[in-house]
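> If it helps, the file is called model_9.cif and holds mmCIF, C-alpha atoms:
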```cif
data_entry
loop_
_atom_site.label_atom_id
_atom_site.label_comp_id
_atom_site.auth_asym_id
_atom_site.auth_seq_id
_atom_site.Cartn_x
_atom_site.Cartn_y
_atom_site.Cartn_z
CA MET P 1 23.99 4.93 -10.65
CA GLN P 2 22.14 7.50 -12.75
CA THR P 3 18.68 8.75 -11.81
CA ALA P 4 17.02 6.85 -14.64
CA ASP P 5 18.64 3.61 -13.50
CA LEU P 6 17.57 4.24 -9.93
CA ASP P 7 13.94 4.75 -11.00
CA THR P 8 14.01 1.50 -12.96
CA ASP P 9 15.55 -0.52 -10.15
CA LEU P 10 13.21 0.81 -7.50
CA SER P 11 10.17 -0.15 -9.55
CA LEU P 12 10.90 -3.72 -8.44
CA PHE P 13 10.26 -2.86 -4.80
CA LYS P 14 7.31 -1.68 -2.74
CA TYR P 15 8.81 1.45 -1.24
CA ASP P 16 6.98 4.71 -0.58
CA ASN P 17 7.68 8.42 -1.09
CA LEU P 18 10.96 7.87 -2.87
CA SER P 19 12.95 11.02 -3.53
CA GLN P 20 16.41 12.16 -4.45
CA LEU P 21 18.29 14.51 -2.14
CA PRO P 22 16.98 18.06 -2.73
CA PRO P 23 19.54 20.55 -4.09
CA ALA P 24 19.40 22.62 -0.89
CA TYR P 25 20.94 19.69 1.00
CA ARG P 26 23.76 18.88 -1.38
CA ASP P 27 26.37 21.41 -0.26
CA LEU P 28 26.18 22.01 3.47
CA ASP P 29 28.70 23.31 5.97
CA ALA P 30 29.63 20.41 8.26
CA GLY P 31 29.30 22.39 11.47
CA LYS P 32 25.90 23.84 10.62
CA ARG P 33 24.72 20.46 9.39
CA GLU P 34 25.59 18.85 12.73
CA GLN P 35 23.73 21.59 14.58
CA ARG P 36 20.64 21.07 12.41
CA ILE P 37 20.78 17.29 12.94
CA ASP P 38 20.95 17.80 16.71
CA THR P 39 18.05 20.27 16.55
CA ALA P 40 15.89 17.86 14.54
CA LEU P 41 16.68 14.97 16.88
CA ALA P 42 15.81 17.06 19.91
CA GLU P 43 12.45 17.94 18.39
CA LEU P 44 11.65 14.37 17.35
CA GLY P 45 12.75 12.91 20.68
CA ASP P 46 11.74 9.32 21.32
CA ASP P 47 9.73 9.20 18.09
CA VAL P 48 12.87 8.30 16.16
CA VAL P 49 15.70 5.80 16.57
CA ILE P 50 18.82 5.84 14.41
CA LEU P 51 20.62 2.61 13.53
CA GLY P 52 24.25 2.79 12.39
CA HIS P 53 25.81 -0.21 10.73
CA ASN P 54 29.41 -1.02 11.61
CA TYR P 55 30.45 -0.06 8.09
CA GLN P 56 29.01 3.44 8.22
CA ARG P 57 31.19 6.51 8.33
CA ARG P 58 31.91 8.31 11.59
CA GLU P 59 29.49 11.16 10.86
CA ILE P 60 26.61 8.65 10.83
CA VAL P 61 27.51 6.37 13.74
CA GLU P 62 28.08 9.36 16.01
CA HIS P 63 24.35 10.08 15.74
CA ALA P 64 23.28 6.44 16.03
CA ASP P 65 21.37 5.13 19.02
CA PHE P 66 22.63 1.64 18.20
CA ILE P 67 25.73 0.49 16.28
CA GLY P 68 26.19 -3.08 15.10
CA ASP P 69 25.61 -5.59 12.33
CA SER P 70 22.47 -5.74 10.24
CA TYR P 71 20.21 -8.21 12.02
CA GLN P 72 21.32 -7.08 15.47
CA LEU P 73 20.24 -3.55 14.52
CA SER P 74 16.87 -4.76 13.24
CA LYS P 75 16.24 -6.44 16.58
CA GLU P 76 17.13 -3.23 18.41
CA ALA P 77 14.58 -1.40 16.28
CA ALA P 78 11.92 -4.01 17.00
CA ASN P 79 12.58 -3.70 20.72
CA SER P 80 12.21 0.08 20.64
CA ASP P 81 9.04 2.12 20.91
CA ALA P 82 10.15 4.58 18.23
CA GLU P 83 7.63 5.42 15.53
CA TYR P 84 10.40 6.01 12.99
CA VAL P 85 13.48 3.84 12.42
CA ILE P 86 16.23 5.55 10.42
CA PHE P 87 18.49 2.79 9.11
CA GLY P 88 22.05 3.84 8.34
CA GLY P 89 22.68 0.78 6.21
CA VAL P 90 21.60 -0.66 2.85
CA THR P 91 18.29 -1.73 1.38
CA PHE P 92 18.24 -5.39 2.45
CA MET P 93 18.93 -4.32 6.04
CA ALA P 94 16.05 -1.86 6.03
CA GLU P 95 13.82 -4.58 4.58
CA SER P 96 14.71 -6.93 7.43
CA ALA P 97 13.95 -4.19 9.91
CA ASP P 98 10.56 -3.61 8.30
CA ILE P 99 9.80 -7.35 8.46
CA ILE P 100 10.45 -7.72 12.19
CA THR P 101 9.27 -4.33 13.50
CA ASP P 102 5.67 -3.55 14.45
CA ASP P 103 3.20 -2.39 11.83
CA ASP P 104 3.04 1.05 13.43
CA GLN P 105 6.79 1.57 13.01
CA GLN P 106 8.08 3.11 9.79
CA VAL P 107 11.55 2.19 8.51
CA ILE P 108 13.31 4.90 6.54
CA LEU P 109 16.46 4.51 4.43
CA PRO P 110 18.03 7.96 3.96
CA SER P 111 19.31 7.20 0.44
CA MET P 112 17.71 4.65 -1.86
CA GLU P 113 20.99 4.38 -3.75
CA ALA P 114 22.42 2.46 -0.78
CA SER P 115 21.86 -0.92 -2.40
CA CYS P 116 24.20 -3.84 -1.61
CA PRO P 117 25.83 -5.18 -4.81
CA MET P 118 26.05 -8.71 -3.39
CA ALA P 119 22.33 -8.80 -2.63
CA GLY P 120 21.74 -7.70 -6.21
CA MET P 121 23.72 -10.68 -7.50
CA ALA P 122 20.88 -13.05 -6.57
CA GLU P 123 17.62 -11.55 -7.73
CA ALA P 124 14.37 -13.47 -7.75
CA LEU P 125 14.05 -14.08 -11.50
CA GLN P 126 17.59 -15.47 -11.70
CA VAL P 127 17.05 -17.71 -8.70
CA ASP P 128 13.72 -19.02 -10.03
CA SER P 129 15.39 -19.97 -13.31
CA ALA P 130 18.38 -21.58 -11.58
CA TRP P 131 16.11 -23.50 -9.21
CA ALA P 132 14.19 -25.00 -12.12
CA LYS P 133 17.41 -26.18 -13.78
CA LEU P 134 18.91 -27.40 -10.53
CA THR P 135 15.93 -29.46 -9.43
CA ALA P 136 15.51 -30.86 -12.94
CA ALA P 137 19.08 -32.17 -12.85
CA THR P 138 18.71 -34.20 -9.65
CA ASP P 139 16.15 -36.22 -7.74
CA ASP P 140 17.79 -35.24 -4.46
CA ASP P 141 15.98 -32.92 -2.08
CA VAL P 142 17.62 -29.48 -2.30
CA ILE P 143 17.32 -27.06 0.65
CA PRO P 144 18.01 -23.39 -0.13
CA ILE P 145 19.82 -21.20 2.39
CA CYS P 146 20.27 -17.50 1.85
CA TYR P 147 22.67 -15.25 3.67
CA MET P 148 21.15 -12.36 5.59
CA ASN P 149 22.69 -10.10 2.95
CA SER P 150 19.84 -10.72 0.50
CA TYR P 151 16.58 -9.12 -0.49
CA ALA P 152 13.31 -10.00 1.19
CA ASP P 153 12.00 -11.86 -1.86
CA LEU P 154 14.98 -14.22 -1.74
CA LYS P 155 14.37 -14.87 1.95
CA ALA P 156 10.75 -15.59 1.02
CA PHE P 157 11.90 -17.96 -1.75
CA CYS P 158 13.96 -19.95 0.74
CA ALA P 159 11.00 -20.28 3.08
CA GLU P 160 8.74 -21.46 0.26
CA HIS P 161 11.18 -24.24 -0.61
CA GLY P 162 11.83 -25.45 2.93
CA GLY P 163 14.92 -23.39 3.59
CA LEU P 164 16.02 -20.62 5.90
CA VAL P 165 18.23 -17.58 6.40
CA CYS P 166 21.61 -17.50 8.10
CA THR P 167 24.14 -14.98 9.34
CA SER P 168 27.91 -15.25 9.08
CA SER P 169 27.91 -16.50 12.67
CA ASN P 170 25.43 -19.36 12.29
CA ALA P 171 26.01 -20.49 8.70
CA ALA P 172 27.41 -23.86 9.81
CA ASP P 173 24.36 -24.47 11.98
CA ALA P 174 22.12 -23.60 9.05
CA PHE P 175 23.95 -26.06 6.81
CA GLU P 176 23.55 -28.82 9.38
CA TRP P 177 19.85 -27.97 9.79
CA ALA P 178 19.40 -28.22 6.03
CA PHE P 179 21.21 -31.54 5.69
CA GLU P 180 18.97 -32.99 8.36
CA ARG P 181 16.05 -32.24 6.04
CA GLY P 182 17.48 -32.72 2.57
CA ASP P 183 20.31 -34.10 0.45
CA LYS P 184 21.83 -30.96 -1.02
CA VAL P 185 22.18 -27.31 -0.08
CA LEU P 186 21.88 -24.35 -2.42
CA PHE P 187 23.66 -21.46 -0.68
CA LEU P 188 23.35 -17.93 -1.98
CA PRO P 189 24.43 -15.29 -2.68
CA ASP P 190 27.96 -15.35 -1.16
CA LYS P 191 30.19 -18.11 -2.51
CA HIS P 192 33.06 -17.25 -0.16
CA LEU P 193 30.99 -17.59 3.00
CA GLY P 194 29.60 -20.81 1.53
CA THR P 195 33.07 -22.13 0.74
CA ASN P 196 34.39 -21.34 4.21
CA THR P 197 31.35 -22.94 5.83
CA ALA P 198 31.66 -26.08 3.71
CA HIS P 199 35.32 -26.27 4.69
CA ASP P 200 34.46 -26.02 8.38
CA LEU P 201 32.06 -28.94 7.92
CA GLY P 202 34.59 -31.04 6.02
CA MET P 203 32.64 -30.72 2.75
CA GLU P 204 35.06 -28.63 0.72
CA ASP P 205 35.43 -31.43 -1.84
CA ASP P 206 31.67 -31.67 -2.36
CA THR P 207 31.03 -28.12 -3.60
CA LEU P 208 30.06 -26.68 -6.95
CA VAL P 209 29.80 -23.01 -7.90
CA TRP P 210 26.66 -22.20 -9.88
CA ASP P 211 27.11 -19.30 -12.30
CA PRO P 212 23.68 -17.77 -13.03
CA TRP P 213 25.11 -15.86 -15.99
CA ALA P 214 26.20 -19.07 -17.71
CA ASP P 215 24.08 -21.92 -19.01
CA ASP P 216 26.67 -24.67 -19.04
CA THR P 217 26.48 -26.28 -15.60
CA ASP P 218 27.00 -30.02 -16.02
CA PRO P 219 23.97 -31.93 -14.62
CA GLU P 220 26.30 -34.72 -13.54
CA ALA P 221 28.34 -32.23 -11.51
CA ILE P 222 25.13 -31.15 -9.81
CA ARG P 223 24.34 -34.73 -8.92
CA ASP P 224 27.89 -35.37 -7.68
CA ASN P 225 28.10 -32.41 -5.28
CA ASP P 226 26.15 -31.76 -2.11
CA VAL P 227 26.80 -28.03 -1.74
CA ILE P 228 25.84 -25.72 -4.60
CA LEU P 229 27.26 -22.22 -4.15
CA TRP P 230 25.87 -19.21 -5.96
CA GLU P 231 28.37 -17.12 -7.94
CA GLY P 232 28.13 -14.02 -5.73
CA TYR P 233 30.47 -12.15 -3.43
CA CYS P 234 30.99 -9.00 -1.38
CA GLN P 235 32.93 -6.49 -3.46
CA VAL P 236 34.79 -5.28 -0.36
CA HIS P 237 35.83 -8.61 1.16
CA GLU P 238 36.65 -10.18 -2.18
CA ARG P 239 39.46 -7.64 -2.63
CA PHE P 240 41.49 -9.03 0.25
CA ARG P 241 44.36 -11.30 -0.74
CA ALA P 242 46.65 -13.66 1.14
CA ASP P 243 49.45 -11.26 0.18
CA HIS P 244 47.82 -8.64 2.40
CA VAL P 245 48.15 -10.99 5.35
CA GLU P 246 51.82 -11.58 4.57
CA GLU P 247 52.46 -7.85 4.23
CA VAL P 248 50.77 -6.94 7.50
CA ARG P 249 52.80 -9.63 9.31
CA GLU P 250 55.99 -8.08 7.92
CA ASP P 251 54.97 -4.59 9.07
CA HIS P 252 53.45 -5.76 12.37
CA PRO P 253 55.13 -9.05 13.41
CA ASP P 254 53.07 -9.32 16.61
CA ALA P 255 49.74 -8.61 14.98
CA ASN P 256 46.71 -10.84 15.39
CA VAL P 257 44.99 -11.11 12.03
CA ILE P 258 41.22 -11.50 12.05
CA VAL P 259 39.13 -11.55 8.88
CA HIS P 260 35.49 -11.78 7.94
CA PRO P 261 34.21 -15.12 6.50
CA GLU P 262 33.11 -13.28 3.35
CA CYS P 263 36.83 -13.26 2.44
CA ARG P 264 38.39 -15.73 0.03
CA ARG P 265 39.36 -19.14 1.39
CA ASP P 266 43.12 -18.52 1.14
CA VAL P 267 42.75 -15.28 3.12
CA VAL P 268 40.86 -17.10 5.87
CA GLU P 269 43.53 -19.82 5.95
CA ALA P 270 46.30 -17.23 6.25
CA ALA P 271 44.60 -15.35 9.09
CA ASP P 272 44.78 -16.18 12.80
CA CYS P 273 41.01 -16.20 13.21
CA VAL P 274 37.81 -15.53 11.32
CA GLY P 275 34.58 -14.00 12.54
CA SER P 276 31.60 -11.76 11.97
CA THR P 277 31.69 -8.02 12.56
CA ALA P 278 30.45 -8.73 16.09
CA ASP P 279 33.29 -11.24 16.60
CA ILE P 280 35.83 -8.77 15.26
CA THR P 281 34.51 -6.02 17.51
CA GLN P 282 34.59 -8.31 20.54
CA ALA P 283 38.16 -9.43 19.77
CA VAL P 284 39.38 -5.84 19.93
CA GLU P 285 37.24 -5.04 22.97
CA ASN P 286 38.80 -7.98 24.83
CA ALA P 287 42.36 -7.30 23.67
CA ASP P 288 45.06 -6.49 26.19
CA PRO P 289 46.57 -2.99 26.08
CA GLY P 290 49.39 -2.83 23.58
CA GLU P 291 48.11 -5.64 21.35
CA THR P 292 47.92 -5.16 17.62
CA TRP P 293 44.96 -6.39 15.58
CA ALA P 294 44.85 -6.37 11.80
CA ILE P 295 41.24 -6.23 10.62
CA GLY P 296 40.15 -7.85 7.36
CA THR P 297 36.79 -6.21 6.79
CA GLU P 298 35.32 -2.89 5.63
CA ILE P 299 37.60 0.01 6.45
CA HIS P 300 35.15 2.00 8.58
CA LEU P 301 34.86 -0.72 11.21
CA ALA P 302 38.64 -0.82 11.52
CA ASN P 303 38.68 2.96 11.90
CA HIS P 304 35.91 2.89 14.53
CA LEU P 305 37.69 0.21 16.56
CA ASP P 306 40.96 2.12 16.41
CA ARG P 307 39.19 5.25 17.65
CA TRP P 308 37.15 3.49 20.34
CA HIS P 309 40.09 1.51 21.75
CA PRO P 310 43.14 3.79 21.83
CA ASP P 311 45.10 1.32 23.98
CA VAL P 312 44.97 -1.26 21.17
CA GLU P 313 46.65 -0.78 17.82
CA VAL P 314 44.08 -1.51 15.12
CA VAL P 315 45.24 -1.56 11.52
CA PRO P 316 43.31 -2.31 8.32
CA LEU P 317 44.55 -5.50 6.73
CA CYS P 318 45.42 -3.94 3.40
CA GLY P 319 46.63 -0.59 4.74
CA ASP P 320 46.00 2.47 2.62
CA ALA P 321 44.71 0.29 -0.22
CA CYS P 322 41.60 -0.71 1.75
CA MET P 323 38.31 0.15 0.12
CA ASP P 324 35.11 1.22 1.76
CA CYS P 325 31.67 -0.06 0.83
CA ASN P 326 30.31 2.09 -1.98
CA ALA P 327 26.71 1.22 -1.05
CA MET P 328 27.20 2.26 2.58
CA ARG P 329 28.86 5.46 1.38
CA GLN P 330 25.55 6.58 -0.12
CA ILE P 331 24.22 7.21 3.40
CA ASP P 332 25.96 10.49 4.03
CA PRO P 333 25.07 13.02 6.76
CA ASN P 334 23.33 15.31 4.27
CA TYR P 335 20.78 12.55 3.62
CA LEU P 336 20.41 11.94 7.34
CA LEU P 337 19.67 15.62 7.96
CA TRP P 338 17.17 15.71 5.11
CA VAL P 339 15.03 12.76 6.27
CA LEU P 340 15.09 14.02 9.86
CA GLU P 341 13.98 17.54 8.94
CA GLU P 342 11.28 16.07 6.70
CA LEU P 343 9.95 14.14 9.70
CA VAL P 344 9.94 17.33 11.75
CA GLU P 345 7.71 18.82 9.03
CA GLY P 346 5.45 15.77 9.10
CA ARG P 347 6.71 14.25 5.85
CA GLU P 348 8.07 10.69 5.50
CA GLN P 349 10.69 10.07 2.81
CA ASN P 350 12.08 6.77 1.49
CA VAL P 351 9.86 4.51 3.58
CA ILE P 352 10.65 0.80 3.27
CA ASN P 353 7.49 -1.31 3.09
CA VAL P 354 7.96 -4.97 2.18
CA ASP P 355 4.68 -6.27 0.81
CA PRO P 356 2.83 -8.36 3.42
CA ALA P 357 2.93 -11.67 1.53
CA THR P 358 6.68 -11.45 0.97
CA ALA P 359 7.27 -10.23 4.52
CA ASP P 360 5.30 -13.14 5.97
CA ARG P 361 7.30 -15.76 4.06
CA ALA P 362 10.61 -14.02 4.74
CA ALA P 363 9.72 -13.94 8.44
CA THR P 364 9.27 -17.73 8.29
CA ALA P 365 12.82 -18.12 6.98
CA LEU P 366 14.09 -15.84 9.76
CA ASP P 367 12.11 -17.74 12.39
CA ARG P 368 13.69 -20.99 11.26
CA MET P 369 17.10 -19.40 11.74
CA LEU P 370 16.18 -18.29 15.24
CA GLU P 371 15.23 -21.87 16.10
CA LEU P 372 18.75 -23.12 15.36
#
```
Take the structure in the file and write it out as structure tokens.

Amino acid sequence: MQTADLDTDLSLFKYDNLSQLPPAYRDLDAGKREQRIDTALAELGDDVVILGHNYQRREIVEHADFIGDSYQLSKEAANSDAEYVIFGGVTFMAESADIITDDDQQVILPSMEASCPMAGMAEALQVDSAWAKLTAATDDDVIPICYMNSYADLKAFCAEHGGLVCTSSNAADAFEWAFERGDKVLFLPDKHLGTNTAHDLGMEDDTLVWDPWADDTDPEAIRDNDVILWEGYCQVHERFRADHVEEVREDHPDANVIVHPECRRDVVEAADCVGSTADITQAVENADPGETWAIGTEIHLANHLDRWHPDVEVVPLCGDACMDCNAMRQIDPNYLLWVLEELVEGREQNVINVDPATADRAATALDRMLEL
């Protein structure tokens, strides 16, 4: 993403003190950088808490006070007394943290280029247009559900229209909640998680994929299907193929294959089990010494688990061909050092402030999820 593009994109959001990484921070010796990070953290003390998403690189998670998935990390921030929350994640995660933390806590995203592509596949203007067409095509009550991996304004949209948010762990519960209140579900932005959830509920034959870039959705097809899936996906998990499962079984005949539900349906069917990043982490933590686990999710989590559990063989599902998350990659240790040293000097950079009206509605969608 070029600087001009970044400036244009960020104009859509209510973020403060946005800056690019200064030149002095762009070429640092790793050893000296680590020393400076430790020095800054020692000076800031309890005023700062660092959150490291499971998909972050080692140099970030080694400085994190908490490591986990997105909403779990936001809750850790809310439960802390830290004035500053440094989120080693992507924009939608930092937004969620801002929504549920206290007003006197500031959420900082080290690099504003860390923007999840999947979240960007379902932006508010697109969803507003699709909603108008969808509701015009049917008299049924449609309940929108958005995955946690979405921007705050989409969470707010779901609340406004009687819907809620879900995680990869409680998507089925969210679907059931919605069908208790309406006739159809619009699930966005991840079609693969939606497909796998519909399958688990025995509704795989009642699904339709809505392409927001096309204008040819048959109104009759809308009326005939109960689950409308948005044409969005995670660019990491979508790369996995059933062939990767076959190949890892050839190379590791005793391997247990576990994949994330953002993977394609045929990958999930070929695997031994499916689960969130927390489920995947727990599976390895509970493994017996000598077991082999093939991990179908972002490469950094597989690497972390392999490092943290040396008595278990952990292999990435697609071997050397595995890709990391480009958005997560934008949070590199140079950015972390920069925002920390700025705080030491009394300056706040890249502060995430969701506007109060949007935050209030998004919080409603989150509260509905918590009531499941």
> Which of these residues is nearest to Ala255 in chain P, using only C-alpha atoms: P:Ala132, P:Val344, P:Val312, P:Leu186?
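Going through P:Ala132, P:Val344, P:Val312, P:Leu186 one by one, the smallest distance to Ala255 in chain P is for P:Val312.
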> For range 25-38 of chain P, find every residue with an atom within 8 Å (counting only C-alpha atoms), except residues of its own chain fewer than 3 positions away, and show them as a PyMOL selection string.
chain P and resi 21-22+41-42+333-338+340-341
> Please, could you write that set of residues out with C-alpha atoms as a compact mmCIF listing (two decimals), in the frame of the given file?

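What ended up in out_32.txt:
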```txt
# COMPACT_ATOMS: atom_id res chain seq x y z
CA LEU P 21 18.29 14.51 -2.14
CA PRO P 22 16.98 18.06 -2.73
CA LEU P 41 16.68 14.97 16.88
CA ALA P 42 15.81 17.06 19.91
CA PRO P 333 25.07 13.02 6.76
CA ASN P 334 23.33 15.31 4.27
CA TYR P 335 20.78 12.55 3.62
CA LEU P 336 20.41 11.94 7.34
CA LEU P 337 19.67 15.62 7.96
CA TRP P 338 17.17 15.71 5.11
CA LEU P 340 15.09 14.02 9.86
CA GLU P 341 13.98 17.54 8.94
```
> At what distance in Å, to one decimal, does CA of Met93 in chain P lie from CA of Glu62 in chain P?
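Here the two named atoms are 19.2 Å from each other.
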> Report the residues retrieved by the PyMOL selection byres ((chain P and resi 162) around 10) from the displayed file, expressed as a short mmCIF file (atom, residue, chain, number, x, y, z; two decimals) with C-alpha atoms, in the coordinates of the input.

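expr_21.cif, written as the output of this step:
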```cif
data_model
loop_
_atom_site.label_atom_id
_atom_site.label_comp_id
_atom_site.auth_asym_id
_atom_site.auth_seq_id
_atom_site.Cartn_x
_atom_site.Cartn_y
_atom_site.Cartn_z
CA ASP P 141 15.98 -32.92 -2.08
CA VAL P 142 17.62 -29.48 -2.30
CA ILE P 143 17.32 -27.06 0.65
CA PRO P 144 18.01 -23.39 -0.13
CA ILE P 145 19.82 -21.20 2.39
CA PHE P 157 11.90 -17.96 -1.75
CA CYS P 158 13.96 -19.95 0.74
CA ALA P 159 11.00 -20.28 3.08
CA GLU P 160 8.74 -21.46 0.26
CA HIS P 161 11.18 -24.24 -0.61
CA GLY P 163 14.92 -23.39 3.59
CA LEU P 164 16.02 -20.62 5.90
CA ALA P 178 19.40 -28.22 6.03
CA ARG P 181 16.05 -32.24 6.04
CA GLY P 182 17.48 -32.72 2.57
CA THR P 364 9.27 -17.73 8.29
CA ALA P 365 12.82 -18.12 6.98
CA ARG P 368 13.69 -20.99 11.26
#
```
> Interatomic distance between CA of Arg223 in chain P and CA of Thr138 in chain P?
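It comes out at 5.7 Å.
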> So that I can check the surroundings of Ser276 in chain P, please list as a ChimeraX atom specification every protein, DNA and RNA residue that reaches within 9 Å of it, counting only C-alpha atoms and ignoring chain neighbours fewer than 2 positions away.
/P:69,167-169,259-262,274,278-281
> Output the selection as a CSV table (one decimal), in the coordinates of the input - C-alpha atoms for each residue.

```
chain,number,residue,atom,x,y,z
P,69,ASP,CA,25.6,-5.6,12.3
P,167,THR,CA,24.1,-15.0,9.3
P,168,SER,CA,27.9,-15.2,9.1
P,169,SER,CA,27.9,-16.5,12.7
P,259,VAL,CA,39.1,-11.6,8.9
P,260,HIS,CA,35.5,-11.8,7.9
P,261,PRO,CA,34.2,-15.1,6.5
P,262,GLU,CA,33.1,-13.3,3.4
P,274,VAL,CA,37.8,-15.5,11.3
P,278,ALA,CA,30.4,-8.7,16.1
P,279,ASP,CA,33.3,-11.2,16.6
P,280,ILE,CA,35.8,-8.8,15.3
P,281,THR,CA,34.5,-6.0,17.5
```
> Could you jot down the CA of Leu201 in chain P to CA of Ala172 in chain P separation for me, Å, one decimal place?
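CA of Ala172 in chain P lies at a distance of 7.1 Å from CA of Leu201 in chain P.
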> For Asp190 in chain P, which of P:Phe240, P:Trp131, P:Tyr84, P:Trp210 is the closest residue, counting all atoms listed in the file?
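Under the stated criterion, the closest residue is P:Trp210.
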> Translate the PyMOL selection byres ((chain P and resi 251) around 12) into a concrete residue list for this structure, as a PyMOL selection string.
chain P and resi 244-250+252-255+292+294+315-319
> Excluding Leu301 in chain P and its own-chain neighbours fewer than 2 positions away, which residues fall within 9 Å of it when counting all atoms listed in the file? Please give them as an NGL selection string.
:P and (54-57 or 277 or 281 or 295 or 297-299 or 303-306)
> Starting from the shown file, work through the PyMOL selection byres ((chain P and resi 127) around 10) and note down what comes out as a PyMOL selection string.
chain P and resi 121-126+128-133+154+157+188-189+212+230
> Please identify all polymer residues within 8 Å of Val227 in chain P, counting all atoms listed in the file, omitting same-chain residues fewer than 3 positions from it, and present them as an NGL selection string.
:P and (184-187 or 198 or 203 or 206-208)
> Can you fill out range 180-194 of chain P with N, CA, C and O atoms and hand it back as a tab-separated table (two decimals), keeping the file's coordinate frame?

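Dumped everything to rebuild.tsv:
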```
chain	number	residue	atom	x	y	z
P	180	GLU	N	19.88	-32.11	7.62
P	180	GLU	CA	18.97	-32.99	8.36
P	180	GLU	C	17.63	-33.16	7.64
P	180	GLU	O	16.89	-34.10	7.91
P	181	ARG	N	17.34	-32.26	6.71
P	181	ARG	CA	16.05	-32.24	6.04
P	181	ARG	C	16.13	-32.51	4.54
P	181	ARG	O	15.10	-32.67	3.88
P	182	GLY	N	17.32	-32.52	3.99
P	182	GLY	CA	17.48	-32.72	2.57
P	182	GLY	C	18.83	-33.32	2.23
P	182	GLY	O	19.64	-33.64	3.13
P	183	ASP	N	19.08	-33.46	0.92
P	183	ASP	CA	20.31	-34.10	0.45
P	183	ASP	C	21.37	-33.11	-0.01
P	183	ASP	O	22.56	-33.40	0.03
P	184	LYS	N	20.92	-31.96	-0.49
P	184	LYS	CA	21.83	-30.96	-1.02
P	184	LYS	C	21.44	-29.59	-0.48
P	184	LYS	O	20.28	-29.36	-0.09
P	185	VAL	N	22.41	-28.70	-0.49
P	185	VAL	CA	22.18	-27.31	-0.08
P	185	VAL	C	22.49	-26.40	-1.26
P	185	VAL	O	23.52	-26.56	-1.92
P	186	LEU	N	21.59	-25.47	-1.52
P	186	LEU	CA	21.88	-24.35	-2.42
P	186	LEU	C	22.10	-23.14	-1.54
P	186	LEU	O	21.19	-22.70	-0.82
P	187	PHE	N	23.33	-22.60	-1.53
P	187	PHE	CA	23.66	-21.46	-0.68
P	187	PHE	C	23.90	-20.23	-1.54
P	187	PHE	O	24.70	-20.27	-2.47
P	188	LEU	N	23.24	-19.15	-1.19
P	188	LEU	CA	23.35	-17.93	-1.98
P	188	LEU	C	23.13	-16.70	-1.08
P	188	LEU	O	22.52	-16.82	-0.03
P	189	PRO	N	23.71	-15.53	-1.44
P	189	PRO	CA	24.43	-15.29	-2.68
P	189	PRO	C	25.96	-15.32	-2.56
P	189	PRO	O	26.64	-15.10	-3.55
P	190	ASP	N	26.52	-15.55	-1.36
P	190	ASP	CA	27.96	-15.35	-1.16
P	190	ASP	C	28.74	-16.66	-1.23
P	190	ASP	O	28.72	-17.45	-0.28
P	191	LYS	N	29.45	-16.86	-2.33
P	191	LYS	CA	30.19	-18.11	-2.51
P	191	LYS	C	31.34	-18.26	-1.51
P	191	LYS	O	31.70	-19.38	-1.14
P	192	HIS	N	31.92	-17.15	-1.08
P	192	HIS	CA	33.06	-17.25	-0.16
P	192	HIS	C	32.61	-17.70	1.23
P	192	HIS	O	33.25	-18.57	1.85
P	193	LEU	N	31.52	-17.12	1.73
P	193	LEU	CA	30.99	-17.59	3.00
P	193	LEU	C	30.57	-19.05	2.88
P	193	LEU	O	30.81	-19.86	3.79
P	194	GLY	N	29.99	-19.42	1.75
P	194	GLY	CA	29.60	-20.81	1.53
P	194	GLY	C	30.80	-21.74	1.49
P	194	GLY	O	30.77	-22.84	2.07
```
